Amino acid sequence: MAKEKLDFDQEEVRLKYRHTTSHILAQAVKKLWPEAKLAIGPAIENGFYYDFDLEHKFTDQDLNKITKEMKKIIKDSLPLEQFTLPREEALEFVKDEPYKVELIQDLPEGEIISFYKQGDFTDLCAGPHMEKTGQIKAVKLTSVAGAYWRGDSDRKMLQRIYGTCFPTQEELDAYLARIEEAKKRDHRKIGKEMDLFAIYEEGPGFPFFMPNGMIIRNELENFWRQEHRKRGYEEIKTPLILNEQLWHTSGHWDHYQDNMYFTKIDEEDFAIKPMNCPGSMLAYGRKLHSYRDLPIRMGELGQVHRHELSGALHGLMRVRTFTQDDAHIFMLPEQIKDEIKGVINFIDYVYNLFGFKYHIELSTKPEDSMGSAEEWAAAETALREAMEEEGLSFIINEGDGAFYGPKLDFHLEDSLGRTWQCGTIQLDFQMPQRFDVNYIGSDGEKHRPVMIHRVIFGSIERFIGILTEHFAGKFPLWLAPVQVKLLTVTEKFTDYAKAVAKELEEAGLRVEVDVRNEKIGYKLREARNERCAYIGIIGEREAEAGTLTVRSSKVGELGELSVAEMKEKLLKEIQEKAV
RNA sequence: GCUACUAUAGCUCAGUCGGUAGAGCAGCACAUUCGUAACGUGCAGGUCAUCAGUUCGAUUCUGAUUAGUAGCUCCA
């Protein structure tokens, strides 16, 4: 075989390569368990999977056995041959594979039905594929997990084997090492190490924030308030518990009940809020508003509770109580586009500040929704046009809107590249009608305002999780729980160290001093493990010169600085919110 | 919620083919007064997640429960 260098940078090459590997996986599984029924096996980001329906439960040992079998298939370097069949013959061909039968039945009439054959194994597949199984070099089966047939939780759960593959063993090893490295940034691990937050068995999905975590949280909230004041928002706070009737009015009773917690007060039924909007509606509706006052932008750091499925909980990323940095904007119809653009730019400003990369999804009308098709179309158009006019690209997430309106979702990545919805902008024509809120127009008549729900962080909890993984715990100075830690070389310099700490503290910095009778190497190691942003070392030289020897967690040694220089440097960095 | 897996000291883990458990780090005491990632000695610390069952005896085997992990479903 002619040695042909694979261009793995090209997406179609990667997909072809991985897809062929998934066929090899299926062939190996069929060889070992001929009774296994095949579902689907696509190439995905970073690898591939194949779904099987099989009584026997795959174990980790099985993955080794399967890998051995795959290596044989690769060694045999079987050619992959495509052929097509007319529909009836195709159905006859796969009659022992019920999932394949279903797939073929769902293909439109007249579609060419394509198969790929390698050795004694044939799979329904549109391709494309590599020419020979021998072209696959380095394979690793990574995990086995359950997955519903066709992603439908009402249908059977199949066994999914995940794997990855690369043109060389070195690339595979590098990839696996990268994953291991990324796991060290996991916010659950760092959160424990830095004592940011904790979740106890007594409250699954209900995180506790520890003092270090509270510093980050409070700094984020301060920043949030400052930025919202600049942009013409006012702040309110609405109650966590409101009576059940309110949730009938809002539509949550009909559309969101399963996710809500309820309680009783004096025999009357109350609900714990899963969203802040109904409270905001009451707040807006308590007085008459003139068209001259619109838009009204009402912000709220609102804590909500939602019954998320136990299997979905994930550190701070997916919890059962979280604080949304919410706001509801009430506006005239002609203000819609500008307001949406304002929020888009606001979100972009905040995410850029942290250096996040993000992508945007436009989520359209779900099956379970309120309002007419026309209203939904108008709302979707408004969101789409605002995006297009701002020159932003986005993907469509069909049927994933909120029950009261379509939304733009802003997704951020965690350390392993999993994306989490953070910011969202939701257009809502329903809630204003349901709560019968209005404004007085220039004609002296009542009119219905349009409303936007929006969040920037999404939830403070999730955002802190993302921040933690993004910075691997080395937070920007303005967020860092410990901004400076002073270490004394011996106890002789305790007084000087405390005087320096006092001066820095008086400038508003968060300072800790380690005057313990320990070796400097030991104290330094500990301070570094704690991810202190700056470490100041104080010994004889520094005490005499009125300085400290500084090391930054991000850029390393900075040499000797006077206390005044240190103070100025850090205050500037905080002021700039440098990352 | 579903499928699979996991649960031993504050943390990271070892271990018991069934006879009630260990290490390192952290903590405490003593010693050391030291210059850039771990000084030493000693002490203390565990209902082996919970509840049942089998057994003379269960941390170990079985079942249920709870919590967690990966993925699916769902969502900020």
# chains A, B, ... in the order shown; residues from 1 in each chain; ligands from 1
$ select_by_dssp --residues "segment 409-546 of chain A" --states "alpha helix (DSSP H)" --output "count of residues only"
46
$ residues_around --residues "Arg185 of chain A" --least-positions-apart "6" --cutoff "7 Å" --atoms "only C-alpha atoms (C1' of nucleotides)" --output "number ranges by chain"
A: 415, 469, 472
$ residues_around --residues "Lys341 of chain A" --least-positions-apart "6" --cutoff "10 Å" --atoms "only C-alpha atoms (C1' of nucleotides)" --output "MDAnalysis selection string"
chainID A and resid 347 383 385:387 389:390
$ closest_atom_pairs --of "chain A" --to "chain B" --cutoff "8 Å" --atoms "only C-alpha atoms (C1' of nucleotides)" --output "JSON lines"
{"residue": "A:Ser143", "atom": "CA", "partner": "B:A70", "partner_atom": "C1'", "distance": 7.7}
{"residue": "A:Val144", "atom": "CA", "partner": "B:A4", "partner_atom": "C1'", "distance": 7.1}
{"residue": "A:Ala145", "atom": "CA", "partner": "B:G71", "partner_atom": "C1'", "distance": 4.8}
{"residue": "A:Gly146", "atom": "CA", "partner": "B:U3", "partner_atom": "C1'", "distance": 4.1}
{"residue": "A:Ala147", "atom": "CA", "partner": "B:C72", "partner_atom": "C1'", "distance": 4.2}
{"residue": "A:Tyr148", "atom": "CA", "partner": "B:C72", "partner_atom": "C1'", "distance": 5.9}
{"residue": "A:Gly151", "atom": "CA", "partner": "B:U73", "partner_atom": "C1'", "distance": 7.2}
{"residue": "A:Asp152", "atom": "CA", "partner": "B:U73", "partner_atom": "C1'", "distance": 7.1}
{"residue": "A:Ser153", "atom": "CA", "partner": "B:U73", "partner_atom": "C1'", "distance": 5.5}
{"residue": "A:Met157", "atom": "CA", "partner": "B:U3", "partner_atom": "C1'", "distance": 6.7}
{"residue": "A:Leu158", "atom": "CA", "partner": "B:U3", "partner_atom": "C1'", "distance": 7.6}
{"residue": "A:Gln159", "atom": "CA", "partner": "B:U3", "partner_atom": "C1'", "distance": 7.2}
{"residue": "A:Glu201", "atom": "CA", "partner": "B:A67", "partner_atom": "C1'", "distance": 5.6}
{"residue": "A:Pro204", "atom": "CA", "partner": "B:A67", "partner_atom": "C1'", "distance": 7.7}
{"residue": "A:Glu308", "atom": "CA", "partner": "B:C75", "partner_atom": "C1'", "distance": 7.8}
{"residue": "A:Leu309", "atom": "CA", "partner": "B:G1", "partner_atom": "C1'", "distance": 6.0}
{"residue": "A:Ser310", "atom": "CA", "partner": "B:G1", "partner_atom": "C1'", "distance": 7.3}
{"residue": "A:Gly311", "atom": "CA", "partner": "B:G1", "partner_atom": "C1'", "distance": 7.3}
{"residue": "A:Ala312", "atom": "CA", "partner": "B:C74", "partner_atom": "C1'", "distance": 7.8}
{"residue": "A:Gln324", "atom": "CA", "partner": "B:A76", "partner_atom": "C1'", "distance": 7.2}
{"residue": "A:Gln421", "atom": "CA", "partner": "B:A76", "partner_atom": "C1'", "distance": 6.3}
{"residue": "A:Cys422", "atom": "CA", "partner": "B:A76", "partner_atom": "C1'", "distance": 5.8}
{"residue": "A:Gly423", "atom": "CA", "partner": "B:A76", "partner_atom": "C1'", "distance": 7.8}
{"residue": "A:Gly458", "atom": "CA", "partner": "B:A76", "partner_atom": "C1'", "distance": 5.0}
{"residue": "A:Ser459", "atom": "CA", "partner": "B:A76", "partner_atom": "C1'", "distance": 5.3}
{"residue": "A:Arg462", "atom": "CA", "partner": "B:A76", "partner_atom": "C1'", "distance": 7.4}
{"residue": "A:Val489", "atom": "CA", "partner": "B:G35", "partner_atom": "C1'", "distance": 6.4}
{"residue": "A:Thr490", "atom": "CA", "partner": "B:U33", "partner_atom": "C1'", "distance": 5.7}
{"residue": "A:Glu491", "atom": "CA", "partner": "B:U33", "partner_atom": "C1'", "distance": 6.9}
{"residue": "A:Asn517", "atom": "CA", "partner": "B:U33", "partner_atom": "C1'", "distance": 7.6}
{"residue": "A:Glu518", "atom": "CA", "partner": "B:C34", "partner_atom": "C1'", "distance": 7.8}
{"residue": "A:Lys519", "atom": "CA", "partner": "B:C34", "partner_atom": "C1'", "distance": 5.7}
{"residue": "A:Ile520", "atom": "CA", "partner": "B:G35", "partner_atom": "C1'", "distance": 6.8}
{"residue": "A:Gly521", "atom": "CA", "partner": "B:U36", "partner_atom": "C1'", "distance": 5.8}
{"residue": "A:Tyr522", "atom": "CA", "partner": "B:A38", "partner_atom": "C1'", "distance": 5.8}
{"residue": "A:Leu524", "atom": "CA", "partner": "B:A37", "partner_atom": "C1'", "distance": 6.7}
{"residue": "A:Arg525", "atom": "CA", "partner": "B:A37", "partner_atom": "C1'", "distance": 4.3}
{"residue": "A:Glu526", "atom": "CA", "partner": "B:A37", "partner_atom": "C1'", "distance": 7.9}
{"residue": "A:Arg528", "atom": "CA", "partner": "B:A37", "partner_atom": "C1'", "distance": 7.8}
{"residue": "A:Gly539", "atom": "CA", "partner": "B:G35", "partner_atom": "C1'", "distance": 7.3}
$ residues_around --residues "segment 51-63 of chain B" --least-positions-apart "3" --cutoff "7 Å" --atoms "only C-alpha atoms (C1' of nucleotides)" --output "ChimeraX atom specification"
/B:16,18-19,48
$ write_last_selection --atoms "N, CA, C and O atoms (P, O5', C5', C4', C3', O3' and C1' of nucleotides)" --output "PDB file, in the first residue's frame"
ATOM      1  P     U B  16      -6.574  -7.847  50.022  1.00  0.00           P
ATOM      2  O5'   U B  16      -7.274  -8.466  51.295  1.00  0.00           O
ATOM      3  C5'   U B  16      -6.497  -9.060  52.334  1.00  0.00           C
ATOM      4  C4'   U B  16      -7.332  -9.121  53.587  1.00  0.00           C
ATOM      5  C3'   U B  16      -8.660  -9.867  53.444  1.00  0.00           C
ATOM      6  O3'   U B  16      -8.507 -11.242  53.760  1.00  0.00           O
ATOM      7  C1'   U B  16      -9.012  -7.760  54.486  1.00  0.00           C
ATOM      8  P     G B  18     -13.783 -14.521  51.804  1.00  0.00           P
ATOM      9  O5'   G B  18     -13.227 -13.815  53.104  1.00  0.00           O
ATOM     10  C5'   G B  18     -13.454 -12.444  53.331  1.00  0.00           C
ATOM     11  C4'   G B  18     -13.776 -12.233  54.769  1.00  0.00           C
ATOM     12  C3'   G B  18     -12.949 -13.063  55.735  1.00  0.00           C
ATOM     13  O3'   G B  18     -12.734 -12.309  56.921  1.00  0.00           O
ATOM     14  C1'   G B  18     -15.224 -13.535  56.051  1.00  0.00           C
ATOM     15  P     G B  19     -11.314 -12.218  57.646  1.00  0.00           P
ATOM     16  O5'   G B  19     -11.696 -12.212  59.184  1.00  0.00           O
ATOM     17  C5'   G B  19     -12.409 -11.114  59.760  1.00  0.00           C
ATOM     18  C4'   G B  19     -12.370 -11.242  61.259  1.00  0.00           C
ATOM     19  C3'   G B  19     -10.967 -11.256  61.874  1.00  0.00           C
ATOM     20  O3'   G B  19     -11.102 -10.780  63.210  1.00  0.00           O
ATOM     21  C1'   G B  19     -11.972 -13.357  62.234  1.00  0.00           C
ATOM     22  P     C B  48     -17.382   0.632  60.547  1.00  0.00           P
ATOM     23  O5'   C B  48     -16.647   1.720  59.627  1.00  0.00           O
ATOM     24  C5'   C B  48     -17.321   2.285  58.514  1.00  0.00           C
ATOM     25  C4'   C B  48     -16.456   2.190  57.285  1.00  0.00           C
ATOM     26  C3'   C B  48     -17.051   1.344  56.154  1.00  0.00           C
ATOM     27  O3'   C B  48     -16.963   2.089  54.948  1.00  0.00           O
ATOM     28  C1'   C B  48     -14.824   0.665  56.632  1.00  0.00           C
TER      29        C B  48
END
$ closest_residue --among "A:Cys165, A:Phe115, A:Glu88, A:His56" --to "Arg14 of chain A" --atoms "only C-alpha atoms"
A:Cys165
$ select_by_dssp --residues "segment 267-350 of chain A" --states "strand (DSSP E)" --output "MDAnalysis selection string"
chainID A and resid 268:272 296:305 321:331
$ residues_around --residues "Ala39 of chain A" --least-positions-apart "6" --cutoff "9 Å" --atoms "only C-alpha atoms (C1' of nucleotides)" --output "list in words"
Tyr50, Asp51, Phe52, Asp53, Glu97, Pro98, Tyr99, Lys100, Leu103, Trp149, Arg150 and Leu158 of chain A
$ residues_around --residues "Ala283 of chain A" --least-positions-apart "3" --cutoff "10 Å" --atoms "only C-alpha atoms (C1' of nucleotides)" --output "list in words"
Ile236, Lys237, Thr238, Cys277, Pro278, Gly279, Ser280, Arg286, Lys287 and Met298 of chain A
$ closest_residue --among "B:U12, B:U20, B:U6, B:A64" --to "G46 of chain B" --atoms "only C-alpha atoms (C1' of nucleotides)"
B:U20
$ residues_around --residues "Asp368 of chain A" --least-positions-apart "4" --cutoff "12 Å" --atoms "only C-alpha atoms (C1' of nucleotides)" --output "list in words"
Gly251, His252, Asp254, His255, Tyr256, Thr364, Gly399, Asp400, Gly401, Ala402, Phe403, Tyr404 and Gly405 of chain A
$ closest_residue --among "A:Glu540, A:Glu219, A:Asp326, A:Leu80" --to "Pro476 of chain A" --atoms "only C-alpha atoms"
A:Glu219
$ closest_residue --among "A:Trp224, A:Phe93, A:Trp253, A:Phe471" --to "Tyr349 of chain A" --atoms "only C-alpha atoms"
A:Trp224
$ decode --residues "segment 20-64 of chain B" --atoms "N, CA and C atoms (P, O5', C5', C4', C3', O3' and C1' of nucleotides)" --output "short mmCIF file (atom, residue, chain, number, x, y, z; two decimals), in the first residue's frame"
data_model
loop_
_atom_site.label_atom_id
_atom_site.label_comp_id
_atom_site.auth_asym_id
_atom_site.auth_seq_id
_atom_site.Cartn_x
_atom_site.Cartn_y
_atom_site.Cartn_z
P U B 20 -10.31 -9.55 63.72
"O5'" U B 20 -11.31 -8.33 63.53
"C5'" U B 20 -11.68 -7.87 62.23
"C4'" U B 20 -12.31 -6.52 62.35
"C3'" U B 20 -11.60 -5.51 63.25
"O3'" U B 20 -10.46 -4.95 62.64
"C1'" U B 20 -13.95 -5.38 63.56
P A B 21 -9.45 -4.06 63.48
"O5'" A B 21 -8.17 -4.42 62.63
"C5'" A B 21 -7.15 -3.48 62.49
"C4'" A B 21 -6.93 -3.24 61.01
"C3'" A B 21 -6.13 -1.98 60.75
"O3'" A B 21 -4.77 -2.35 60.64
"C1'" A B 21 -8.09 -2.02 59.41
P G B 22 -3.80 -1.73 61.71
"O5'" G B 22 -3.68 -0.25 61.20
"C5'" G B 22 -2.41 0.25 60.97
"C4'" G B 22 -2.09 0.25 59.49
"C3'" G B 22 -1.64 1.60 58.97
"O3'" G B 22 -0.32 1.89 59.38
"C1'" G B 22 -3.10 0.61 57.42
P A B 23 0.12 3.37 59.69
"O5'" A B 23 0.51 3.86 58.22
"C5'" A B 23 1.47 3.12 57.47
"C4'" A B 23 1.62 3.72 56.11
"C3'" A B 23 1.73 5.24 56.10
"O3'" A B 23 3.04 5.68 56.40
"C1'" A B 23 0.19 4.54 54.45
P G B 24 3.26 7.12 57.06
"O5'" G B 24 3.06 8.11 55.83
"C5'" G B 24 3.98 8.09 54.73
"C4'" G B 24 3.45 8.99 53.64
"C3'" G B 24 3.03 10.38 54.12
"O3'" G B 24 4.14 11.27 54.22
"C1'" G B 24 1.32 9.47 52.79
P C B 25 4.12 12.43 55.34
"O5'" C B 25 3.00 13.45 54.80
"C5'" C B 25 3.20 14.16 53.59
"C4'" C B 25 1.93 14.85 53.17
"C3'" C B 25 1.31 15.78 54.20
"O3'" C B 25 1.93 17.04 54.22
"C1'" C B 25 -0.38 14.40 53.31
P A B 26 2.02 17.86 55.61
"O5'" A B 26 0.50 18.17 55.96
"C5'" A B 26 -0.22 19.16 55.23
"C4'" A B 26 -1.65 19.21 55.73
"C3'" A B 26 -1.82 19.47 57.22
"O3'" A B 26 -1.74 20.84 57.54
"C1'" A B 26 -3.16 17.64 56.60
P G B 27 -1.10 21.28 58.94
"O5'" G B 27 -2.09 20.63 60.01
"C5'" G B 27 -3.41 21.14 60.19
"C4'" G B 27 -4.06 20.48 61.38
"C3'" G B 27 -3.26 20.59 62.68
"O3'" G B 27 -3.54 21.81 63.33
"C1'" G B 27 -3.94 18.34 62.35
P C B 28 -2.36 22.60 64.10
"O5'" C B 28 -2.15 21.69 65.39
"C5'" C B 28 -3.14 21.64 66.42
"C4'" C B 28 -2.75 20.62 67.45
"C3'" C B 28 -1.35 20.78 68.03
"O3'" C B 28 -1.30 21.74 69.05
"C1'" C B 28 -1.67 18.53 67.42
P A B 29 0.04 22.61 69.27
"O5'" A B 29 0.98 21.53 69.98
"C5'" A B 29 0.69 21.09 71.31
"C4'" A B 29 1.74 20.09 71.74
"C3'" A B 29 3.19 20.55 71.59
"O3'" A B 29 3.60 21.35 72.67
"C1'" A B 29 2.96 18.39 70.69
P C B 30 4.74 22.46 72.45
"O5'" C B 30 6.06 21.61 72.23
"C5'" C B 30 6.63 20.89 73.33
"C4'" C B 30 7.71 19.96 72.84
"C3'" C B 30 8.88 20.61 72.13
"O3'" C B 30 9.82 21.17 73.03
"C1'" C B 30 8.20 18.72 70.91
P A B 31 10.64 22.49 72.60
"O5'" A B 31 11.63 21.94 71.48
"C5'" A B 31 12.71 21.07 71.83
"C4'" A B 31 13.36 20.51 70.60
"C3'" A B 31 13.93 21.56 69.64
"O3'" A B 31 15.21 21.98 70.00
"C1'" A B 31 12.62 20.00 68.44
P U B 32 15.63 23.49 69.73
"O5'" U B 32 15.69 23.58 68.13
"C5'" U B 32 16.70 22.88 67.41
"C4'" U B 32 16.46 23.03 65.93
"C3'" U B 32 16.45 24.46 65.41
"O3'" U B 32 17.77 24.93 65.16
"C1'" U B 32 14.59 23.30 64.54
P U B 33 18.16 26.39 65.61
"O5'" U B 33 17.42 27.34 64.57
"C5'" U B 33 17.81 27.36 63.21
"C4'" U B 33 17.25 28.61 62.56
"C3'" U B 33 17.84 29.91 63.08
"O3'" U B 33 17.89 30.85 62.02
"C1'" U B 33 15.51 29.94 63.39
P C B 34 19.14 31.04 61.16
"O5'" C B 34 18.57 30.61 59.73
"C5'" C B 34 19.30 29.68 58.96
"C4'" C B 34 18.35 28.80 58.19
"C3'" C B 34 17.58 29.47 57.08
"O3'" C B 34 17.76 28.74 55.87
"C1'" C B 34 16.18 28.08 58.36
P G B 35 18.58 29.44 54.71
"O5'" G B 35 17.46 30.15 53.84
"C5'" G B 35 16.37 29.38 53.36
"C4'" G B 35 15.83 30.01 52.12
"C3'" G B 35 16.84 30.04 50.96
"O3'" G B 35 16.09 29.90 49.75
"C1'" G B 35 16.17 32.24 51.49
P U B 36 16.62 28.90 48.60
"O5'" U B 36 15.30 28.49 47.82
"C5'" U B 36 14.28 27.76 48.49
"C4'" U B 36 12.97 27.96 47.76
"C3'" U B 36 13.10 27.82 46.24
"O3'" U B 36 11.89 27.29 45.76
"C1'" U B 36 12.25 29.93 46.77
P A B 37 11.81 25.84 45.12
"O5'" A B 37 11.12 24.98 46.25
"C5'" A B 37 9.98 25.40 46.96
"C4'" A B 37 9.23 24.15 47.31
"C3'" A B 37 9.85 22.88 46.75
"O3'" A B 37 9.54 21.79 47.60
"C1'" A B 37 7.74 23.26 45.75
P A B 38 10.74 20.99 48.29
"O5'" A B 38 10.11 20.69 49.71
"C5'" A B 38 9.48 21.69 50.49
"C4'" A B 38 8.85 21.02 51.69
"C3'" A B 38 9.69 19.90 52.29
"O3'" A B 38 9.35 19.78 53.66
"C1'" A B 38 7.72 19.00 51.41
P C B 39 10.11 20.51 54.78
"O5'" C B 39 10.93 19.39 55.55
"C5'" C B 39 12.10 18.81 54.97
"C4'" C B 39 13.04 18.41 56.06
"C3'" C B 39 12.47 17.37 57.04
"O3'" C B 39 12.52 16.06 56.53
"C1'" C B 39 13.52 19.11 58.24
P G B 40 11.49 14.98 57.05
"O5'" G B 40 11.93 14.69 58.54
"C5'" G B 40 13.21 14.13 58.80
"C4'" G B 40 13.49 14.16 60.27
"C3'" G B 40 12.48 13.40 61.15
"O3'" G B 40 12.75 12.01 61.16
"C1'" G B 40 12.91 15.52 62.09
P U B 41 11.57 10.96 61.39
"O5'" U B 41 11.27 11.06 62.95
"C5'" U B 41 12.27 10.71 63.90
"C4'" U B 41 11.80 11.04 65.30
"C3'" U B 41 10.40 10.53 65.65
"O3'" U B 41 10.39 9.17 66.03
"C1'" U B 41 10.60 12.79 66.31
P G B 42 9.09 8.29 65.76
"O5'" G B 42 8.01 8.89 66.76
"C5'" G B 42 8.09 8.60 68.15
"C4'" G B 42 7.20 9.52 68.93
"C3'" G B 42 5.69 9.33 68.74
"O3'" G B 42 5.20 8.24 69.50
"C1'" G B 42 6.20 11.63 68.66
P C B 43 3.86 7.50 69.04
"O5'" C B 43 2.72 8.57 69.39
"C5'" C B 43 2.49 8.97 70.74
"C4'" C B 43 1.44 10.06 70.78
"C3'" C B 43 0.09 9.68 70.18
"O3'" C B 43 -0.72 8.98 71.10
"C1'" C B 43 0.76 11.80 69.35
P A B 44 -1.75 7.89 70.59
"O5'" A B 44 -2.92 8.80 69.98
"C5'" A B 44 -3.71 9.62 70.83
"C4'" A B 44 -4.44 10.65 70.01
"C3'" A B 44 -5.43 10.09 69.00
"O3'" A B 44 -6.70 9.81 69.58
"C1'" A B 44 -4.05 11.68 67.95
P G B 45 -7.55 8.58 69.04
"O5'" G B 45 -8.01 9.07 67.60
"C5'" G B 45 -8.92 10.18 67.47
"C4'" G B 45 -9.00 10.60 66.04
"C3'" G B 45 -9.55 9.55 65.08
"O3'" G B 45 -10.97 9.62 65.06
"C1'" G B 45 -7.58 10.52 64.18
P G B 46 -11.84 8.40 65.63
"O5'" G B 46 -12.33 7.64 64.35
"C5'" G B 46 -12.76 8.33 63.17
"C4'" G B 46 -13.03 7.31 62.11
"C3'" G B 46 -13.94 6.17 62.55
"O3'" G B 46 -15.27 6.50 62.24
"C1'" G B 46 -12.07 5.39 61.26
P U B 47 -16.34 6.50 63.32
"O5'" U B 47 -16.97 5.08 63.05
"C5'" U B 47 -17.27 4.26 64.11
"C4'" U B 47 -17.46 2.86 63.65
"C3'" U B 47 -17.88 2.67 62.20
"O3'" U B 47 -17.58 1.33 61.87
"C1'" U B 47 -19.72 2.29 63.62
P C B 48 -17.38 0.63 60.55
"O5'" C B 48 -16.65 1.72 59.63
"C5'" C B 48 -17.32 2.29 58.51
"C4'" C B 48 -16.46 2.19 57.29
"C3'" C B 48 -17.05 1.34 56.15
"O3'" C B 48 -16.96 2.09 54.95
"C1'" C B 48 -14.82 0.66 56.63
P A B 49 -18.12 2.02 53.91
"O5'" A B 49 -19.22 3.05 54.43
"C5'" A B 49 -18.87 4.37 54.84
"C4'" A B 49 -20.12 5.19 54.88
"C3'" A B 49 -21.34 4.47 55.44
"O3'" A B 49 -21.39 4.57 56.85
"C1'" A B 49 -21.90 5.49 53.37
P U B 50 -21.97 3.32 57.72
"O5'" U B 50 -23.54 3.45 57.48
"C5'" U B 50 -24.26 4.59 57.92
"C4'" U B 50 -25.71 4.46 57.53
"C3'" U B 50 -26.36 3.14 57.90
"O3'" U B 50 -26.82 3.15 59.24
"C1'" U B 50 -26.84 3.62 55.64
P C B 51 -26.86 1.77 60.08
"O5'" C B 51 -28.10 1.01 59.44
"C5'" C B 51 -29.39 1.59 59.47
"C4'" C B 51 -30.34 0.75 58.66
"C3'" C B 51 -30.30 -0.74 58.95
"O3'" C B 51 -31.02 -1.07 60.11
"C1'" C B 51 -30.31 -0.41 56.62
P A B 52 -30.87 -2.55 60.79
"O5'" A B 52 -31.75 -3.41 59.78
"C5'" A B 52 -31.53 -4.77 59.68
"C4'" A B 52 -32.19 -5.29 58.43
"C3'" A B 52 -31.81 -6.73 58.13
"O3'" A B 52 -32.64 -7.63 58.83
"C1'" A B 52 -31.43 -5.42 56.22
P G B 53 -31.94 -8.86 59.61
"O5'" G B 53 -31.56 -9.81 58.38
"C5'" G B 53 -32.58 -10.28 57.51
"C4'" G B 53 -31.98 -10.97 56.32
"C3'" G B 53 -31.00 -12.10 56.65
"O3'" G B 53 -31.67 -13.30 56.94
"C1'" G B 53 -30.08 -10.71 54.97
P U B 54 -30.97 -14.34 57.97
"O5'" U B 54 -29.75 -14.92 57.14
"C5'" U B 54 -29.99 -15.71 55.97
"C4'" U B 54 -28.68 -16.10 55.34
"C3'" U B 54 -27.66 -16.71 56.30
"O3'" U B 54 -27.90 -18.10 56.51
"C1'" U B 54 -26.61 -15.06 54.97
P U B 55 -27.86 -18.68 58.03
"O5'" U B 55 -26.34 -18.52 58.46
"C5'" U B 55 -25.31 -19.22 57.75
"C4'" U B 55 -23.97 -18.72 58.21
"C3'" U B 55 -23.76 -18.72 59.72
"O3'" U B 55 -23.41 -20.00 60.20
"C1'" U B 55 -23.00 -16.67 58.79
P C B 56 -24.04 -20.54 61.59
"O5'" C B 56 -23.33 -19.67 62.74
"C5'" C B 56 -23.85 -19.67 64.07
"C4'" C B 56 -22.90 -18.93 64.96
"C3'" C B 56 -22.45 -17.57 64.46
"O3'" C B 56 -23.39 -16.56 64.77
"C1'" C B 56 -20.55 -18.79 65.15
P G B 57 -23.74 -15.47 63.69
"O5'" G B 57 -22.38 -14.66 63.54
"C5'" G B 57 -21.94 -13.81 64.59
"C4'" G B 57 -20.56 -13.31 64.31
"C3'" G B 57 -20.41 -12.52 63.02
"O3'" G B 57 -20.79 -11.17 63.19
"C1'" G B 57 -18.66 -14.10 63.19
P A B 58 -21.47 -10.37 61.99
"O5'" A B 58 -20.33 -10.31 60.88
"C5'" A B 58 -19.11 -9.62 61.10
"C4'" A B 58 -18.81 -8.75 59.90
"C3'" A B 58 -19.86 -7.67 59.63
"O3'" A B 58 -19.21 -6.53 59.09
"C1'" A B 58 -19.73 -9.10 57.78
P U B 59 -19.31 -5.12 59.84
"O5'" U B 59 -18.42 -4.16 58.94
"C5'" U B 59 -19.01 -3.31 57.99
"C4'" U B 59 -18.08 -3.14 56.82
"C3'" U B 59 -17.94 -4.36 55.93
"O3'" U B 59 -18.97 -4.41 54.97
"C1'" U B 59 -15.79 -3.48 56.43
P U B 60 -19.58 -5.77 54.47
"O5'" U B 60 -18.38 -6.40 53.61
"C5'" U B 60 -17.89 -5.72 52.45
"C4'" U B 60 -16.70 -6.48 51.90
"C3'" U B 60 -17.04 -7.89 51.43
"O3'" U B 60 -16.39 -8.17 50.20
"C1'" U B 60 -15.32 -7.95 53.08
P C B 61 -17.26 -8.13 48.88
"O5'" C B 61 -18.27 -9.36 49.07
"C5'" C B 61 -17.95 -10.64 48.54
"C4'" C B 61 -19.15 -11.55 48.67
"C3'" C B 61 -20.50 -10.92 48.32
"O3'" C B 61 -20.73 -10.95 46.93
"C1'" C B 61 -20.68 -12.05 50.38
P U B 62 -21.59 -9.80 46.24
"O5'" U B 62 -23.08 -10.15 46.71
"C5'" U B 62 -23.70 -11.36 46.34
"C4'" U B 62 -25.11 -11.40 46.87
"C3'" U B 62 -25.91 -10.12 46.66
"O3'" U B 62 -26.48 -10.04 45.37
"C1'" U B 62 -26.14 -10.82 48.90
P G B 63 -26.74 -8.60 44.73
"O5'" G B 63 -28.01 -8.07 45.52
"C5'" G B 63 -29.25 -8.73 45.41
"C4'" G B 63 -30.24 -8.14 46.38
"C3'" G B 63 -30.43 -6.63 46.30
"O3'" G B 63 -31.29 -6.25 45.26
"C1'" G B 63 -30.21 -7.27 48.56
P A B 64 -31.16 -4.77 44.64
"O5'" A B 64 -31.77 -3.83 45.78
"C5'" A B 64 -33.17 -3.85 46.04
"C4'" A B 64 -33.46 -3.07 47.29
"C3'" A B 64 -33.10 -1.58 47.24
"O3'" A B 64 -34.09 -0.80 46.59
"C1'" A B 64 -32.28 -2.52 49.24
#
